[in-house]
>>> print(open('input_10.cif').read())   # mmCIF, C-alpha atoms and all ligand atoms
data_final
#
loop_
_atom_site.label_atom_id
_atom_site.label_comp_id
_atom_site.auth_asym_id
_atom_site.auth_seq_id
_atom_site.Cartn_x
_atom_site.Cartn_y
_atom_site.Cartn_z
CA MET A 60 -4.39 5.90 -6.06
CA ILE A 61 -1.93 3.03 -6.55
CA GLU A 62 -1.75 1.91 -10.14
CA LEU A 63 0.51 -0.74 -11.63
CA GLN A 64 0.82 -1.37 -15.33
CA ASN A 65 2.79 -4.39 -16.33
CA VAL A 66 5.09 -3.95 -13.36
CA ALA A 67 7.95 -6.36 -12.79
CA MET A 68 10.37 -6.53 -9.89
CA SER A 69 13.66 -8.29 -9.51
CA TYR A 70 16.37 -8.00 -6.88
CA GLY A 71 19.06 -8.46 -9.50
CA GLY A 72 18.60 -12.08 -10.49
CA SER A 73 15.55 -13.40 -12.27
CA GLU A 74 12.21 -11.67 -11.89
CA LEU A 75 10.45 -12.24 -8.58
CA LEU A 76 7.24 -10.57 -9.73
CA SER A 77 6.13 -10.15 -13.34
CA GLU A 78 3.40 -8.51 -15.37
CA MET A 79 1.48 -7.04 -12.47
CA THR A 80 -1.40 -4.84 -13.51
CA LEU A 81 -3.69 -3.48 -10.85
CA LYS A 82 -5.52 -0.38 -9.75
CA LEU A 83 -6.21 0.17 -6.07
CA VAL A 84 -9.06 2.64 -5.89
CA PRO A 85 -9.86 4.89 -2.94
CA GLY A 86 -11.82 3.17 -0.20
CA SER A 87 -11.05 -0.36 -1.39
CA PHE A 88 -10.07 -3.22 0.91
CA HIS A 89 -7.67 -5.89 -0.33
CA PHE A 90 -5.95 -8.88 1.14
CA LEU A 91 -2.70 -10.08 -0.35
CA THR A 92 -1.87 -13.75 0.03
CA GLY A 93 0.70 -16.13 -1.35
CA PRO A 94 3.33 -18.51 -0.02
CA SER A 95 6.25 -17.34 2.07
CA GLY A 96 8.84 -15.82 -0.25
CA ALA A 97 6.29 -15.18 -3.02
CA GLY A 98 6.86 -11.44 -2.84
CA LYS A 99 4.09 -9.99 -0.64
CA THR A 100 6.42 -7.69 1.29
CA THR A 101 8.16 -6.78 -1.96
CA PHE A 102 4.80 -5.88 -3.51
CA LEU A 103 3.93 -3.65 -0.55
CA LYS A 104 7.35 -1.98 -0.78
CA LEU A 105 6.56 -1.11 -4.38
CA CYS A 106 3.25 0.37 -3.22
CA TYR A 107 5.01 2.88 -1.00
CA ALA A 108 7.94 3.44 -3.36
CA GLU A 109 10.47 1.88 -1.01
CA LEU A 110 11.41 -0.11 -4.11
CA LEU A 111 11.06 0.96 -7.71
CA PRO A 112 9.85 -1.46 -10.38
CA SER A 113 12.47 -3.03 -12.60
CA ALA A 114 10.00 -2.72 -15.49
CA GLY A 115 6.56 -1.30 -16.18
CA HIS A 116 4.76 1.73 -14.80
CA LEU A 117 3.85 2.42 -11.23
CA ALA A 118 1.88 5.50 -10.29
CA LEU A 119 1.09 6.67 -6.77
CA PHE A 120 -1.68 9.24 -6.47
CA GLY A 121 -1.50 9.79 -10.22
CA ARG A 122 2.25 10.37 -10.38
CA ASP A 123 4.69 7.98 -12.01
CA VAL A 124 7.25 6.98 -9.37
CA ARG A 125 10.11 7.15 -11.85
CA GLY A 126 9.91 10.89 -12.20
CA LEU A 127 9.83 11.50 -8.46
CA GLY A 128 12.62 13.03 -6.42
CA ARG A 129 13.29 12.29 -2.76
CA ASP A 130 11.09 15.11 -1.53
CA ASP A 131 8.21 14.00 -3.77
CA ILE A 132 8.50 10.47 -2.41
CA ALA A 133 8.63 11.75 1.17
CA GLY A 134 5.47 13.77 0.45
CA LEU A 135 3.64 10.80 -1.01
CA ARG A 136 4.67 8.58 1.89
CA GLN A 137 2.81 10.85 4.25
CA LYS A 138 -0.37 9.68 2.55
CA ILE A 139 0.55 6.03 3.03
CA GLY A 140 0.69 4.42 6.46
CA VAL A 141 2.71 1.22 6.69
CA VAL A 142 2.56 -1.48 9.36
CA HIS A 143 5.79 -3.35 8.78
CA GLN A 144 6.11 -7.12 9.10
CA ASP A 145 8.81 -6.74 11.76
CA CYS A 146 7.37 -3.74 13.58
CA GLN A 147 10.38 -2.00 15.08
CA PHE A 148 10.42 0.78 17.60
CA LEU A 149 12.97 3.03 19.19
CA ASP A 150 13.27 1.06 22.40
CA HIS A 151 14.50 3.96 24.51
CA LEU A 152 11.44 6.09 23.72
CA PRO A 153 8.01 5.58 25.33
CA VAL A 154 5.22 4.10 23.25
CA ALA A 155 3.46 7.46 22.85
CA GLU A 156 6.60 9.04 21.42
CA ASN A 157 7.13 6.12 19.08
CA VAL A 158 3.56 6.44 17.81
CA ALA A 159 4.03 10.18 17.28
CA LEU A 160 7.39 9.72 15.58
CA PRO A 161 6.13 10.17 11.98
CA LEU A 162 4.96 13.68 12.94
CA SER A 163 8.15 14.55 14.78
CA VAL A 164 10.23 13.35 11.84
CA ALA A 165 8.14 15.52 9.49
CA HIS A 166 8.66 18.46 11.89
CA ARG A 167 4.95 18.71 12.46
CA PRO A 168 3.48 19.53 15.86
CA VAL A 169 1.98 16.74 17.91
CA ASP A 170 -1.45 17.42 19.36
CA PRO A 171 -1.39 15.64 22.75
CA ALA A 172 -5.18 15.20 22.78
CA GLU A 173 -5.11 13.61 19.33
CA LEU A 174 -2.27 11.31 20.36
CA ARG A 175 -4.18 10.24 23.48
CA GLU A 176 -7.27 9.57 21.40
CA LEU A 177 -5.29 7.48 18.94
CA LEU A 178 -3.70 5.45 21.75
CA GLY A 179 -7.15 4.97 23.24
CA TRP A 180 -8.47 3.78 19.88
CA VAL A 181 -5.90 0.98 19.78
CA GLY A 182 -6.40 0.27 23.50
CA LEU A 183 -2.96 1.42 24.64
CA LYS A 184 -3.81 4.38 26.81
CA THR A 185 -2.33 2.83 29.92
CA GLN A 186 0.82 1.79 28.07
CA ALA A 187 1.52 5.26 26.65
CA GLY A 188 4.50 5.73 28.94
CA ALA A 189 5.83 2.17 28.70
CA LEU A 190 8.90 1.32 26.66
CA PRO A 191 8.39 -0.88 23.57
CA PRO A 192 10.24 -3.91 25.04
CA GLN A 193 7.62 -3.96 27.80
CA LEU A 194 4.76 -4.52 25.33
CA SER A 195 3.21 -7.85 24.40
CA GLY A 196 3.12 -8.93 20.75
CA GLY A 197 -0.47 -7.77 20.30
CA GLU A 198 0.27 -4.46 21.96
CA ARG A 199 3.27 -3.95 19.67
CA GLN A 200 1.11 -4.60 16.61
CA ARG A 201 -1.49 -2.13 17.82
CA ALA A 202 1.20 0.47 18.52
CA ALA A 203 2.53 -0.11 14.99
CA LEU A 204 -0.96 0.44 13.59
CA ALA A 205 -1.37 3.63 15.60
CA ARG A 206 1.97 4.88 14.31
CA ALA A 207 0.90 4.05 10.74
CA VAL A 208 -2.27 6.13 11.02
CA MET A 209 -0.68 9.02 12.95
CA MET A 210 -0.37 11.10 9.78
CA SER A 211 -3.99 10.42 8.74
CA PRO A 212 -2.92 8.58 5.58
CA ASP A 213 -5.29 7.78 2.74
CA VAL A 214 -3.85 4.30 2.36
CA ILE A 215 -2.87 1.73 5.01
CA LEU A 216 -0.53 -1.09 4.00
CA ALA A 217 -0.30 -3.75 6.70
CA ASP A 218 2.26 -6.54 6.30
CA GLU A 219 1.17 -9.59 8.32
CA PRO A 220 -0.29 -7.39 11.06
CA THR A 221 -1.64 -10.44 12.88
CA GLY A 222 1.42 -12.61 12.24
CA ASN A 223 2.13 -13.76 15.79
CA LEU A 224 -1.18 -13.01 17.43
CA ASP A 225 -3.82 -15.30 18.85
CA TRP A 226 -7.23 -15.36 17.19
CA GLU A 227 -8.89 -12.94 19.55
CA MET A 228 -6.16 -10.35 19.09
CA SER A 229 -6.16 -10.93 15.32
CA LEU A 230 -9.86 -10.10 15.27
CA ARG A 231 -9.24 -6.97 17.27
CA LEU A 232 -6.57 -5.82 14.82
CA LEU A 233 -8.86 -6.67 11.92
CA SER A 234 -11.72 -4.67 13.38
CA LEU A 235 -9.45 -1.61 13.65
CA LEU A 236 -8.48 -1.98 10.00
CA VAL A 237 -12.12 -2.45 8.97
CA GLU A 238 -13.00 0.67 10.93
CA LEU A 239 -10.32 2.64 9.06
CA ASN A 240 -11.74 1.37 5.78
CA LYS A 241 -15.24 2.45 6.81
CA MET A 242 -13.77 5.91 7.34
CA GLY A 243 -12.86 5.83 3.66
CA LYS A 244 -9.26 4.67 3.81
CA THR A 245 -7.83 2.23 1.32
CA VAL A 246 -6.53 -0.86 3.10
CA VAL A 247 -4.17 -3.61 1.92
CA ILE A 248 -3.33 -6.46 4.30
CA ALA A 249 -0.74 -9.11 3.49
CA THR A 250 -1.62 -12.29 5.35
CA HIS A 251 -1.37 -16.07 5.33
CA ASP A 252 -4.43 -16.36 7.50
CA LEU A 253 -7.37 -17.55 5.42
CA ASN A 254 -9.65 -17.54 8.45
CA LEU A 255 -8.95 -13.88 8.89
CA ILE A 256 -9.87 -13.25 5.26
CA ARG A 257 -13.10 -15.22 5.60
CA THR A 258 -14.04 -13.32 8.72
CA ALA A 259 -13.27 -9.98 7.10
CA LYS A 260 -15.45 -10.79 4.13
CA SER A 261 -18.48 -10.87 6.37
CA GLN A 262 -17.65 -7.36 7.57
CA VAL A 263 -16.38 -5.55 4.52
CA ALA A 264 -16.29 -5.84 0.72
CA ALA A 265 -12.78 -7.26 0.67
CA ARG A 266 -11.08 -8.57 -2.44
CA VAL A 267 -8.26 -11.06 -2.38
CA LEU A 268 -5.07 -10.74 -4.37
CA ARG A 269 -2.86 -13.77 -4.60
CA ILE A 270 0.73 -13.99 -5.76
CA ALA A 271 1.29 -17.26 -7.60
CA ASN A 272 3.89 -18.12 -10.21
CA ARG A 273 5.30 -14.60 -9.98
CA ARG A 274 1.97 -13.12 -11.03
CA LEU A 275 -0.58 -11.12 -9.11
CA GLN A 276 -4.03 -12.62 -9.48
CA LEU A 277 -7.40 -11.57 -8.21
CA ALA A 278 -8.67 -14.64 -6.35
CA GLY A 279 -12.24 -15.75 -6.89
CA ALA A 280 -14.99 -15.81 -4.30
CA ASP A 281 -14.07 -19.37 -3.32
CA LEU A 282 -12.23 -18.55 -0.11
N1 LIG B 1 16.48 -6.85 -0.39
C1 LIG B 1 16.45 -8.05 -0.98
N2 LIG B 1 17.46 -8.45 -1.77
C2 LIG B 1 17.42 -9.65 -2.39
N3 LIG B 1 16.39 -10.52 -2.30
C3 LIG B 1 15.37 -10.17 -1.52
C4 LIG B 1 15.33 -8.92 -0.83
N4 LIG B 1 14.17 -8.84 -0.14
C5 LIG B 1 13.51 -9.98 -0.39
N5 LIG B 1 14.22 -10.77 -1.21
C6 LIG B 1 13.80 -12.09 -1.70
O1 LIG B 1 12.61 -11.95 -2.44
C7 LIG B 1 11.71 -13.00 -2.17
C8 LIG B 1 10.38 -12.47 -1.73
O2 LIG B 1 10.52 -11.86 -0.46
P1 LIG B 1 9.31 -11.17 0.27
O3 LIG B 1 9.80 -10.71 1.58
O4 LIG B 1 8.70 -10.15 -0.62
O5 LIG B 1 8.30 -12.41 0.43
P2 LIG B 1 6.97 -12.56 1.27
O6 LIG B 1 5.91 -13.07 0.34
O7 LIG B 1 6.68 -11.29 1.99
O8 LIG B 1 7.34 -13.72 2.31
P3 LIG B 1 6.84 -13.94 3.83
O9 LIG B 1 5.46 -14.52 3.73
O10 LIG B 1 7.82 -14.93 4.36
O11 LIG B 1 6.88 -12.63 4.54
C9 LIG B 1 12.40 -13.91 -1.15
O12 LIG B 1 12.97 -14.99 -1.84
C10 LIG B 1 13.45 -13.01 -0.56
O13 LIG B 1 14.57 -13.76 -0.16
MG MG B 2 6.63 -10.74 3.94
#
>>> encode(input="input_10.cif", output="structure tokens", more="lines below")
Ligand SMILES: Nc1ncnc2c1ncn2[C@@H]1O[C@H](COP(=O)(O)OP(=O)(O)OP(=O)(O)O)[C@@H](O)[C@H]1O
Ligand SMILES: [Mg+2]
Amino acid sequence: MIELQNVAMSYGGSELLSEMTLKLVPGSFHFLTGPSGAGKTTFLKLCYAELLPSAGHLALFGRDVRGLGRDDIAGLRQKIGVVHQDCQFLDHLPVAENVALPLSVAHRPVDPAELRELLGWVGLKTQAGALPPQLSGGERQRAALARAVMMSPDVILADEPTGNLDWEMSLRLLSLLVELNKMGKTVVIATHDLNLIRTAKSQVAARVLRIANRRLQLAGADL
């Protein structure tokens, strides 16, 4: 569903990422690691066509991103849920409305029962009416995950979803992502946290991608 062939990416200067070839198949679970500044967020942005490759071929759901117009990209994005590294919300809107925002933006009706169920799934039922600044870091991350799955995407891309969380909350976030994967969704998680990766490997058939020396490598089983 996400296929890269010899993809390179640069922001104008020299190449940040080179010669990336990879196929993310439906139902797979990947971690993405690499040092700060290696290009993890950039890689994820390619995966949801926020950025276009500077060279090579990138296909999303079988369609080359180069031939896509704005409406095509908007359509594809509905199949991809993103948890951004700096999860931002509209601070004047309650949590429930923020979570439902992808539907409102797509002019699709919001089913209140479904929204309640989703908030319950991430453990934010009682915070539904709170404003985002009133949430803790872990609550914000869970709200961001709920927002990412609001459109029932096939793929979830999570950029450091446990970045500022304590271990217990990281595990909780991880278990939600594992649950989504068990429902058949493709999951990619960018993280520095090797303990999280080790823990996940006991729960799910996760593979580890590592960005090193501008290349994307599939890490061995040595983690
Ligand atoms: N819009 C941009 N324009 C120019 N350079 C950028 C842009 N976005 C990112 N970069 C640069 O590209 C490099 C990779 O950034 P990226 O955010 O992809 O790294 P990362 O692996 O996600 O890092 P971190 O672990 O700190 O989140 C960095 O050197 C960054 O400064
Ligand atoms: Mg990043």
>>> closest_residue(input="input_10.cif", among="A:Ala189, A:Val208, A:Ala217, A:Leu239", to="ligand LIG 1 (chain B)", atoms="all atoms listed in the file")
A:Ala217
>>> residues_near_ligand(input="input_10.cif", ligand="ligand MG 2 (chain B)", cutoff="10 Å", atoms="only C-alpha atoms and all ligand atoms", output="PyMOL selection string")
chain A and resi 92-104+143-145+218-219+222+249-251
>>> residues_around(input="input_10.cif", residues="Leu111 of chain A", least_positions_apart="3", cutoff="8 Å", atoms="all atoms listed in the file", output="PyMOL selection string")
chain A and resi 68+105+108+124-125
>>> closest_residue(input="input_10.cif", among="A:Gln186, A:Ile248, A:Asn157, A:Asn240", to="Val263 of chain A", atoms="only C-alpha atoms")
A:Asn240
>>> residues_around(input="input_10.cif", residues="segment 223-230 of chain A", least_positions_apart="3", cutoff="8 Å", atoms="all atoms listed in the file", output="ChimeraX atom specification")
/A:196-197,233-234,255
>>> residues_around(input="input_10.cif", residues="Ser69 of chain A", least_positions_apart="5", cutoff="8 Å", atoms="all atoms listed in the file", output="list in words")
Glu74, Leu75, Leu76, Pro112 and Ser113 of chain A
>>> closest_residue(input="input_10.cif", among="A:Leu83, A:Leu235, A:Leu216, A:Leu91", to="ligand LIG 1 (chain B)", atoms="all atoms listed in the file")
A:Leu91
>>> residues_around(input="input_10.cif", residues="Ala187 of chain A", least_positions_apart="2", cutoff="9 Å", atoms="only C-alpha atoms", output="CSV table (one decimal) with C-alpha atoms, in the frame of the given file")
chain,number,residue,atom,x,y,z
A,153,PRO,CA,8.0,5.6,25.3
A,154,VAL,CA,5.2,4.1,23.2
A,155,ALA,CA,3.5,7.5,22.8
A,156,GLU,CA,6.6,9.0,21.4
A,175,ARG,CA,-4.2,10.2,23.5
A,178,LEU,CA,-3.7,5.4,21.8
A,183,LEU,CA,-3.0,1.4,24.6
A,184,LYS,CA,-3.8,4.4,26.8
A,185,THR,CA,-2.3,2.8,29.9
A,189,ALA,CA,5.8,2.2,28.7
A,190,LEU,CA,8.9,1.3,26.7
>>> atom_distance(input="input_10.cif", atom1="atom CA of Asp213 of chain A", atom2="atom CA of Lys244 of chain A")
5.2 Å
>>> closest_residue(input="input_10.cif", among="A:Ala172, A:Val164, A:Ala271, A:Ala202", to="ligand LIG 1 (chain B)", atoms="only C-alpha atoms and all ligand atoms")
A:Ala271
>>> closest_residue(input="input_10.cif", among="A:Leu152, A:Ser211, A:Ala265, A:Tyr107", to="Asp131 of chain A", atoms="all atoms listed in the file")
A:Tyr107
>>> closest_residue(input="input_10.cif", among="A:Asn272, A:Asn254, A:Ser87, A:Ser261", to="ligand LIG 1 (chain B)", atoms="only C-alpha atoms and all ligand atoms")
A:Asn272
>>> atom_distance(input="input_10.cif", atom1="atom CA of Gly72 of chain A", atom2="atom N4 of ligand LIG 1 (chain B)")
11.7 Å
>>> residues_around(input="input_10.cif", residues="Thr80 of chain A", least_positions_apart="3", cutoff="6 Å", atoms="all atoms listed in the file", output="compact mmCIF listing (two decimals) with C-alpha atoms, keeping the file's coordinate frame")
# COMPACT_ATOMS: atom_id res chain seq x y z
CA LEU A 63 0.51 -0.74 -11.63
CA GLN A 64 0.82 -1.37 -15.33
CA ASN A 65 2.79 -4.39 -16.33
>>> atom_distance(input="input_10.cif", atom1="atom CA of Leu135 of chain A", atom2="atom CA of Pro212 of chain A")
9.6 Å
>>> decode(input="input_10.cif", residues="segment 213-244 of chain A", atoms="N, CA and C atoms", output="CSV table (one decimal), in the first residue's frame")
chain,number,residue,atom,x,y,z
A,213,ASP,N,-6.6,2.8,6.7
A,213,ASP,CA,-6.0,1.5,6.6
A,213,ASP,C,-4.6,1.5,7.2
A,214,VAL,N,-4.0,2.7,7.2
A,214,VAL,CA,-2.6,2.9,7.7
A,214,VAL,C,-2.6,3.9,8.8
A,215,ILE,N,-1.8,3.6,9.8
A,215,ILE,CA,-1.6,4.6,10.9
A,215,ILE,C,-0.1,4.9,10.9
A,216,LEU,N,0.3,6.1,10.8
A,216,LEU,CA,1.7,6.6,10.9
A,216,LEU,C,1.8,7.4,12.2
A,217,ALA,N,2.6,6.9,13.1
A,217,ALA,CA,2.7,7.6,14.4
A,217,ALA,C,4.1,8.0,14.6
A,218,ASP,N,4.3,9.4,14.8
A,218,ASP,CA,5.6,10.0,14.9
A,218,ASP,C,5.9,10.2,16.3
A,219,GLU,N,6.8,9.4,16.9
A,219,GLU,CA,7.1,9.5,18.3
A,219,GLU,C,5.9,9.6,19.2
A,220,PRO,N,5.0,8.7,19.1
A,220,PRO,CA,3.7,8.8,19.9
A,220,PRO,C,3.9,8.7,21.4
A,221,THR,N,5.1,8.2,21.8
A,221,THR,CA,5.3,8.1,23.2
A,221,THR,C,6.4,9.0,23.7
A,222,GLY,N,6.7,10.0,22.8
A,222,GLY,CA,7.9,10.9,23.0
A,222,GLY,C,8.1,11.4,24.4
A,223,ASN,N,7.1,12.0,25.1
A,223,ASN,CA,7.2,12.6,26.4
A,223,ASN,C,6.5,11.8,27.5
A,224,LEU,N,6.2,10.5,27.2
A,224,LEU,CA,5.4,9.8,28.2
A,224,LEU,C,6.2,8.9,29.1
A,225,ASP,N,5.7,8.7,30.3
A,225,ASP,CA,6.3,7.7,31.1
A,225,ASP,C,6.1,6.3,30.6
A,226,TRP,N,6.8,5.3,31.2
A,226,TRP,CA,6.8,4.0,30.6
A,226,TRP,C,5.4,3.4,30.6
A,227,GLU,N,4.7,3.6,31.7
A,227,GLU,CA,3.3,3.0,31.8
A,227,GLU,C,2.4,3.5,30.7
A,228,MET,N,2.5,4.8,30.5
A,228,MET,CA,1.6,5.4,29.4
A,228,MET,C,2.1,5.1,28.0
A,229,SER,N,3.4,4.9,27.9
A,229,SER,CA,4.0,4.4,26.6
A,229,SER,C,3.4,3.0,26.3
A,230,LEU,N,3.4,2.2,27.3
A,230,LEU,CA,2.8,0.8,27.1
A,230,LEU,C,1.3,0.9,26.7
A,231,ARG,N,0.6,1.8,27.3
A,231,ARG,CA,-0.8,1.9,27.0
A,231,ARG,C,-1.0,2.4,25.5
A,232,LEU,N,-0.2,3.4,25.1
A,232,LEU,CA,-0.3,3.8,23.7
A,232,LEU,C,0.1,2.7,22.8
A,233,LEU,N,1.2,1.9,23.1
A,233,LEU,CA,1.6,0.8,22.3
A,233,LEU,C,0.5,-0.2,22.2
A,234,SER,N,-0.2,-0.5,23.3
A,234,SER,CA,-1.2,-1.5,23.2
A,234,SER,C,-2.4,-1.1,22.3
A,235,LEU,N,-2.6,0.2,22.3
A,235,LEU,CA,-3.7,0.7,21.4
A,235,LEU,C,-3.3,0.5,19.9
A,236,LEU,N,-2.0,0.8,19.7
A,236,LEU,CA,-1.5,0.6,18.3
A,236,LEU,C,-1.4,-0.9,17.9
A,237,VAL,N,-1.1,-1.7,18.8
A,237,VAL,CA,-1.0,-3.2,18.6
A,237,VAL,C,-2.5,-3.7,18.3
A,238,GLU,N,-3.4,-3.1,19.0
A,238,GLU,CA,-4.8,-3.5,18.8
A,238,GLU,C,-5.3,-3.1,17.4
A,239,LEU,N,-4.9,-2.0,17.0
A,239,LEU,CA,-5.3,-1.5,15.6
A,239,LEU,C,-4.7,-2.4,14.6
A,240,ASN,N,-3.4,-2.8,14.8
A,240,ASN,CA,-2.7,-3.7,13.9
A,240,ASN,C,-3.5,-5.1,13.9
A,241,LYS,N,-3.9,-5.5,15.0
A,241,LYS,CA,-4.6,-6.8,15.1
A,241,LYS,C,-6.0,-6.8,14.3
A,242,MET,N,-6.5,-5.5,14.2
A,242,MET,CA,-7.7,-5.3,13.4
A,242,MET,C,-7.4,-5.3,11.9
A,243,GLY,N,-6.1,-5.4,11.6
A,243,GLY,CA,-5.7,-5.5,10.2
A,243,GLY,C,-5.1,-4.2,9.6
A,244,LYS,N,-4.9,-3.2,10.5
A,244,LYS,CA,-4.3,-1.9,10.0
A,244,LYS,C,-2.8,-2.0,9.9
